[in-house]
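See below for entry.csv, which holds CSV, C-alpha atoms and all ligand atoms.
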```csv
chain,number,residue,atom,x,y,z
G,1,MET,CA,61.6,30.4,-88.9
G,2,SER,CA,65.4,30.5,-88.6
G,3,ALA,CA,67.2,29.0,-85.7
G,4,ASN,CA,68.8,32.3,-85.0
G,5,GLY,CA,67.5,33.6,-81.7
G,6,PHE,CA,65.2,30.7,-81.4
G,7,ARG,CA,64.9,30.0,-77.7
G,8,LEU,CA,62.1,27.8,-76.6
G,9,VAL,CA,61.1,26.6,-73.1
G,10,LEU,CA,58.8,23.5,-73.1
G,11,LEU,CA,56.5,23.4,-70.1
G,12,GLY,CA,54.0,20.8,-68.9
G,13,PRO,CA,53.7,18.2,-66.2
G,14,PRO,CA,55.9,15.2,-66.1
G,15,GLY,CA,54.7,12.8,-68.8
G,16,ALA,CA,53.1,15.6,-71.0
G,17,GLY,CA,55.4,14.6,-73.8
G,18,LYS,CA,58.1,17.2,-73.5
G,19,GLY,CA,60.9,14.8,-74.3
G,20,THR,CA,59.1,13.4,-77.3
G,21,GLN,CA,58.2,16.8,-78.7
G,22,ALA,CA,61.7,18.1,-77.9
G,23,ALA,CA,63.3,15.4,-80.1
G,24,LEU,CA,61.0,16.3,-83.0
G,25,LEU,CA,61.4,20.1,-82.6
G,26,VAL,CA,65.2,20.1,-82.4
G,27,GLN,CA,65.3,18.3,-85.7
G,28,HIS,CA,62.8,20.7,-87.3
G,29,PHE,CA,64.4,23.9,-86.0
G,30,ALA,CA,68.1,22.6,-85.9
G,31,VAL,CA,68.8,23.8,-82.3
G,32,PRO,CA,70.4,21.9,-79.4
G,33,HIS,CA,68.1,20.0,-77.0
G,34,VAL,CA,69.0,20.7,-73.4
G,35,SER,CA,67.2,18.4,-71.0
G,36,THR,CA,68.1,19.0,-67.4
G,37,GLY,CA,66.7,15.6,-66.4
G,38,GLU,CA,69.0,13.9,-69.0
G,39,ILE,CA,72.0,15.9,-67.7
G,40,LEU,CA,71.2,14.9,-64.1
G,41,ARG,CA,70.7,11.2,-65.0
G,42,SER,CA,74.0,11.1,-66.8
G,43,GLU,CA,75.7,12.7,-63.8
G,44,VAL,CA,74.1,10.0,-61.6
G,45,SER,CA,75.3,7.2,-63.9
G,46,ARG,CA,78.8,8.6,-64.0
G,47,GLY,CA,78.8,8.7,-60.2
G,48,SER,CA,79.9,12.3,-60.0
G,49,ASP,CA,79.5,14.4,-56.9
G,50,LEU,CA,76.8,16.4,-58.6
G,51,GLY,CA,75.0,13.1,-59.5
G,52,GLY,CA,75.3,12.0,-55.9
G,53,GLN,CA,73.7,15.2,-54.6
G,54,ALA,CA,71.0,15.3,-57.3
G,55,ARG,CA,70.0,11.7,-56.8
G,56,LYS,CA,68.7,12.3,-53.3
G,57,TYR,CA,66.1,14.6,-54.7
G,58,MET,CA,65.3,12.7,-57.9
G,59,ASP,CA,64.6,9.4,-56.1
G,60,LYS,CA,61.9,11.2,-54.1
G,61,GLY,CA,60.4,13.0,-57.1
G,62,GLU,CA,61.6,16.4,-55.6
G,63,LEU,CA,63.3,19.3,-57.3
G,64,VAL,CA,67.0,19.5,-57.2
G,65,PRO,CA,67.8,22.9,-55.5
G,66,ASP,CA,67.6,26.0,-57.7
G,67,GLN,CA,71.2,27.1,-57.1
G,68,ILE,CA,72.5,23.8,-58.4
G,69,MET,CA,70.2,23.8,-61.4
G,70,LEU,CA,71.0,27.4,-62.3
G,71,GLY,CA,74.7,26.6,-62.2
G,72,ILE,CA,74.2,23.6,-64.6
G,73,ILE,CA,72.1,25.7,-67.0
G,74,ARG,CA,74.4,28.7,-67.0
G,75,GLU,CA,77.3,26.5,-67.8
G,76,ARG,CA,75.4,24.6,-70.5
G,77,LEU,CA,74.0,27.7,-72.2
G,78,ALA,CA,77.5,29.2,-72.3
G,79,GLN,CA,78.7,26.5,-74.7
G,80,VAL,CA,79.1,27.4,-78.3
G,81,ASP,CA,76.3,25.2,-79.7
G,82,CYS,CA,73.7,27.2,-77.7
G,83,ALA,CA,74.9,30.6,-79.1
G,84,SER,CA,72.1,30.9,-81.7
G,85,GLY,CA,69.3,29.0,-80.1
G,86,VAL,CA,68.3,26.3,-77.7
G,87,LEU,CA,65.3,24.2,-76.7
G,88,LEU,CA,65.0,23.8,-73.0
G,89,ASP,CA,63.2,20.7,-71.7
G,90,GLY,CA,62.6,20.4,-68.0
G,91,PHE,CA,64.0,23.8,-67.2
G,92,PRO,CA,62.8,26.1,-65.6
G,93,ARG,CA,60.8,24.3,-63.1
G,94,SER,CA,60.3,27.0,-60.4
G,95,LEU,CA,59.9,30.8,-60.3
G,96,PRO,CA,63.5,31.4,-59.1
G,97,GLN,CA,64.8,29.3,-62.0
G,98,ALA,CA,62.6,31.3,-64.5
G,99,ALA,CA,63.9,34.6,-63.1
G,100,GLY,CA,67.5,33.2,-63.3
G,101,LEU,CA,67.0,32.2,-66.9
G,102,GLU,CA,65.5,35.6,-67.7
G,103,ALA,CA,68.7,37.2,-66.2
G,104,ILE,CA,70.9,34.9,-68.3
G,105,PHE,CA,69.0,35.6,-71.5
G,106,GLY,CA,68.0,39.1,-70.7
G,107,ALA,CA,71.3,40.7,-71.4
G,108,GLU,CA,71.2,39.5,-74.9
G,109,ARG,CA,67.7,40.6,-75.7
G,110,VAL,CA,66.9,37.5,-77.7
G,111,PRO,CA,63.2,36.7,-77.9
G,112,MET,CA,62.1,33.6,-76.0
G,113,ARG,CA,59.0,31.6,-76.4
G,114,ALA,CA,57.3,29.1,-74.0
G,115,VAL,CA,55.0,26.3,-75.1
G,116,SER,CA,52.9,24.5,-72.5
G,117,LEU,CA,51.7,21.0,-73.4
G,118,GLU,CA,48.3,20.5,-71.9
G,119,VAL,CA,47.4,16.9,-70.8
G,120,PRO,CA,44.9,15.8,-68.1
G,121,SER,CA,46.4,14.2,-65.0
G,122,SER,CA,44.5,10.9,-65.4
G,123,GLU,CA,46.3,10.5,-68.7
G,124,ILE,CA,49.7,11.5,-67.2
G,125,VAL,CA,49.7,8.7,-64.7
G,126,ARG,CA,48.8,6.2,-67.4
G,127,ARG,CA,51.6,7.5,-69.6
G,128,LEU,CA,54.3,7.5,-67.0
G,129,SER,CA,53.6,4.2,-65.5
G,130,GLY,CA,54.0,2.5,-68.9
G,131,ARG,CA,57.0,4.6,-70.0
G,132,ARG,CA,60.3,2.9,-70.8
G,133,THR,CA,63.6,4.8,-71.4
G,134,CYS,CA,66.7,3.7,-73.3
G,135,ARG,CA,69.7,3.6,-71.0
G,136,ALA,CA,72.1,4.4,-73.8
G,137,CYS,CA,70.4,7.2,-75.8
G,138,GLY,CA,67.4,8.4,-73.7
G,139,ALA,CA,64.8,7.5,-76.3
G,140,MET,CA,61.3,6.9,-74.8
G,141,TYR,CA,58.7,4.2,-75.5
G,142,HIS,CA,55.4,3.2,-73.9
G,143,VAL,CA,54.6,-0.5,-73.3
G,144,THR,CA,51.1,0.0,-74.8
G,145,PHE,CA,51.0,3.2,-76.8
G,146,GLY,CA,54.4,3.1,-78.4
G,147,PRO,CA,56.3,-0.2,-77.8
G,148,PRO,CA,59.7,-0.9,-79.4
G,149,THR,CA,59.8,-3.5,-82.2
G,150,LYS,CA,61.7,-5.9,-79.9
G,151,GLU,CA,60.6,-5.9,-76.2
G,152,GLY,CA,63.2,-4.2,-73.9
G,153,ILE,CA,65.5,-3.1,-76.8
G,154,CYS,CA,65.8,0.4,-78.2
G,155,ASP,CA,64.8,0.7,-81.9
G,156,ARG,CA,67.1,3.6,-82.4
G,157,CYS,CA,70.4,2.3,-80.9
G,158,GLY,CA,69.9,-1.2,-79.6
G,159,GLY,CA,70.3,-0.1,-76.0
G,160,GLU,CA,68.5,-1.6,-73.0
G,161,LEU,CA,65.1,-0.2,-72.1
G,162,TYR,CA,64.3,0.4,-68.4
G,163,GLN,CA,61.7,1.9,-66.2
G,164,ARG,CA,63.1,5.1,-64.5
G,165,ASP,CA,62.9,4.8,-60.6
G,166,ASP,CA,60.9,8.0,-60.6
G,167,ASP,CA,58.3,6.6,-63.0
G,168,ARG,CA,56.9,4.3,-60.3
G,169,GLU,CA,53.3,5.3,-59.4
G,170,ASP,CA,54.0,6.5,-55.9
G,171,ILE,CA,56.8,8.8,-57.1
G,172,VAL,CA,54.7,9.9,-60.0
G,173,GLN,CA,52.2,11.3,-57.6
G,174,ALA,CA,54.9,13.2,-55.7
G,175,ARG,CA,56.3,14.6,-59.0
G,176,LEU,CA,52.8,15.8,-59.9
G,177,GLU,CA,52.4,17.5,-56.6
G,178,VAL,CA,55.7,19.2,-57.0
G,179,TYR,CA,54.7,20.3,-60.5
G,180,ARG,CA,51.5,21.9,-59.2
G,181,LYS,CA,53.2,23.7,-56.4
G,182,GLU,CA,56.5,24.8,-58.0
G,183,THR,CA,56.2,24.7,-61.8
G,184,GLU,CA,52.6,25.6,-62.6
G,185,PRO,CA,53.1,29.2,-61.4
G,186,LEU,CA,55.4,29.6,-64.4
G,187,MET,CA,52.4,29.7,-66.7
G,188,ALA,CA,51.4,33.0,-65.2
G,189,PHE,CA,55.0,34.2,-65.3
G,190,TYR,CA,55.3,33.6,-69.0
G,191,ARG,CA,51.7,34.7,-69.8
G,192,GLU,CA,52.4,38.0,-68.2
G,193,ARG,CA,55.4,38.4,-70.6
G,194,SER,CA,53.1,37.4,-73.6
G,195,VAL,CA,55.4,34.6,-74.7
G,196,LEU,CA,53.2,31.6,-73.6
G,197,ARG,CA,51.4,29.4,-76.1
G,198,SER,CA,49.2,26.5,-74.8
G,199,VAL,CA,48.9,23.4,-77.0
G,200,ASP,CA,46.7,20.4,-76.6
G,201,GLY,CA,49.2,17.6,-75.8
G,202,THR,CA,46.8,14.7,-76.2
G,203,GLY,CA,46.6,12.3,-79.2
G,204,PRO,CA,49.4,11.0,-81.5
G,205,SER,CA,52.8,12.7,-81.0
G,206,LYS,CA,52.9,13.7,-84.7
G,207,ASP,CA,49.6,15.6,-84.3
G,208,VAL,CA,50.9,17.4,-81.1
G,209,PHE,CA,54.1,18.3,-83.0
G,210,ARG,CA,52.1,19.8,-85.9
G,211,ARG,CA,50.1,21.9,-83.4
G,212,VAL,CA,53.3,23.1,-81.6
G,213,VAL,CA,55.0,24.1,-84.9
G,214,ALA,CA,51.8,25.9,-86.0
G,215,GLU,CA,51.8,27.9,-82.8
G,216,LEU,CA,55.5,28.8,-83.1
G,217,GLU,CA,55.2,29.7,-86.7
G,218,ALA,CA,52.2,31.9,-86.0
G,219,VAL,CA,54.2,34.1,-83.8
G,220,PRO,CA,56.5,36.7,-85.5
G,221,ALA,CA,60.2,36.1,-84.7
G,301,LIG,P1,62.8,15.0,-66.0
G,301,LIG,O1,63.5,14.0,-66.8
G,301,LIG,O2,62.7,16.4,-66.6
G,301,LIG,O3,61.4,14.5,-65.6
G,301,LIG,O4,63.6,15.2,-64.6
G,301,LIG,C1,63.8,14.1,-63.7
G,301,LIG,C2,64.1,14.7,-62.3
G,301,LIG,O5,65.3,15.4,-62.3
G,301,LIG,C3,63.1,15.6,-61.7
G,301,LIG,O6,62.0,14.9,-61.1
G,301,LIG,C4,63.9,16.4,-60.7
G,301,LIG,O7,64.2,15.7,-59.5
G,301,LIG,C5,65.2,16.6,-61.5
G,301,LIG,N1,65.2,17.8,-62.3
G,301,LIG,C6,65.2,17.9,-63.7
G,301,LIG,N2,65.2,19.2,-64.1
G,301,LIG,C7,65.1,19.9,-63.0
G,301,LIG,C8,65.0,21.3,-62.7
G,301,LIG,N3,64.9,22.2,-63.7
G,301,LIG,N4,64.9,21.7,-61.4
G,301,LIG,C9,65.0,20.9,-60.4
G,301,LIG,N5,65.0,19.5,-60.5
G,301,LIG,C10,65.1,19.1,-61.8
```

Give the structure from the file, written as structure tokens.
Ligand code: AMP
Amino acid sequence: MSANGFRLVLLGPPGAGKGTQAALLVQHFAVPHVSTGEILRSEVSRGSDLGGQARKYMDKGELVPDQIMLGIIRERLAQVDCASGVLLDGFPRSLPQAAGLEAIFGAERVPMRAVSLEVPSSEIVRRLSGRRTCRACGAMYHVTFGPPTKEGICDRCGGELYQRDDDREDIVQARLEVYRKETEPLMAFYRERSVLRSVDGTGPSKDVFRRVVAELEAVPA
């Protein structure tokens, strides 16, 4: 499949493996990876006004308001690297965001696909509480299931690994609740538009990747 017109939304609860699969998929399809969580975390670490506003919500596991998110995504998608395709990770997360995205894409009549990674919630909590993230490049590891070669150090860039504040177990529960209430309705939204594919997100990430690619390549562009 060519990258031309390839617009993919990755859906699934926090910890379903969206970031991991996104990293593999953008290589395979040669499209930019747009992660709204990454954009927000970099605003927080830069100490920008936007970062200051977003942090209040992120620390509690809540969604940053739709108007702020739509502003961020509109600006990002207008950049030249997104002209022929993009992989969205962590956006949309609510029905108003999905409707806003449809309005942004709609005018261009470019086909869009949505892939939902299915992982049971018991597995999600286990995954998130052991997750470690690289401060420098955003790469993700798991203390048990995918540890770095050297503890606390990123294999890819040598950066420092840390536990995101919102990966603490109490915040994980809040994020899962927000997911069920705000984000799960997107499944029906995309199913109605016949663009949703569900993929088993359990097991080794390479196997999940193969399943995602098979689903995407089975759909005519
Ligand atoms: P993530 O890295 O995708 O898990 O995002 C981390 C946090 O950033 C979320 O828990 C939200 O507080 C915020 N966030 C990221 N993307 C969005 C979005 N599309 N809408 C609202 N909040 C978001």

Long-range neighbours of range 161-167 of chain G as a list in words, 8 Å cut-off, all atoms listed in the file, 4 positions minimum in chain: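 Counting all atoms listed in the file, the residues come to Met58, Asp59, Lys60, Gly61, Leu128, Ser129, Arg131, Arg132, Thr133, Cys134, Arg135, Gly152, Ile153, Cys154, Ile171 and Val172 of chain G.
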
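Distances to Lys18 in chain G were evaluated for G:Ala30, G:Leu117, G:Leu87, G:Val208 using only C-alpha atoms, and the minimum falls at G:Leu117.
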
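For the set G:Gly90, G:Gly130, G:Pro14, G:Gly138, the residue with the smallest atom-to-atom gap to Arg156 in chain G is G:Gly138, counting only C-alpha atoms.
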
Given 8 Å and all atoms listed in the file, residues near ligand LIG 301 (chain G) as number ranges by chain: G: 14-15, 19, 35-38, 40-41, 54-55, 57-66, 69, 89-94, 97, 166, 175

Counting all atoms listed in the file, the option among G:Ser116, G:Thr149, G:Ser121, G:Gln173 closest to Arg191 in chain G: G:Ser116

Computed interatomic separation between CA of Val213 in chain G and CA of Leu8 in chain G (Å):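 If I compute the distance from CA of Val213 in chain G to CA of Leu8 in chain G, I get 11.5 Å.
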
Interatomic distance (Å, one decimal) between CA of Tyr141 in chain G and CA of Gly159 in chain G: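 It comes out at 12.4 Å.
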
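Counting only C-alpha atoms and comparing G:Val195, G:Leu95, G:Ile124, G:Val86, the residue that lies closest to Glu182 in chain G is G:Leu95.
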
Neighbours of point (67.8, 33.2, -59.3) within 8 Å, using only C-alpha atoms, written as a count of residues only: 9

Between CA of Leu216 in chain G and CA of Val80 in chain G - distance in Å to one decimal: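 Interatomic distance, CA of Val80 in chain G to CA of Leu216 in chain G: 24.1 Å.
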
For Pro120 in chain G, the nearest of the candidates G:Leu25, G:Asp207, G:Thr202, G:Val31, counting only C-alpha atoms: G:Thr202

Using only C-alpha atoms: which of G:Ala16, G:Leu10, G:Met187, G:Cys137 has the shortest distance to Gly203 in chain G: G:Ala16
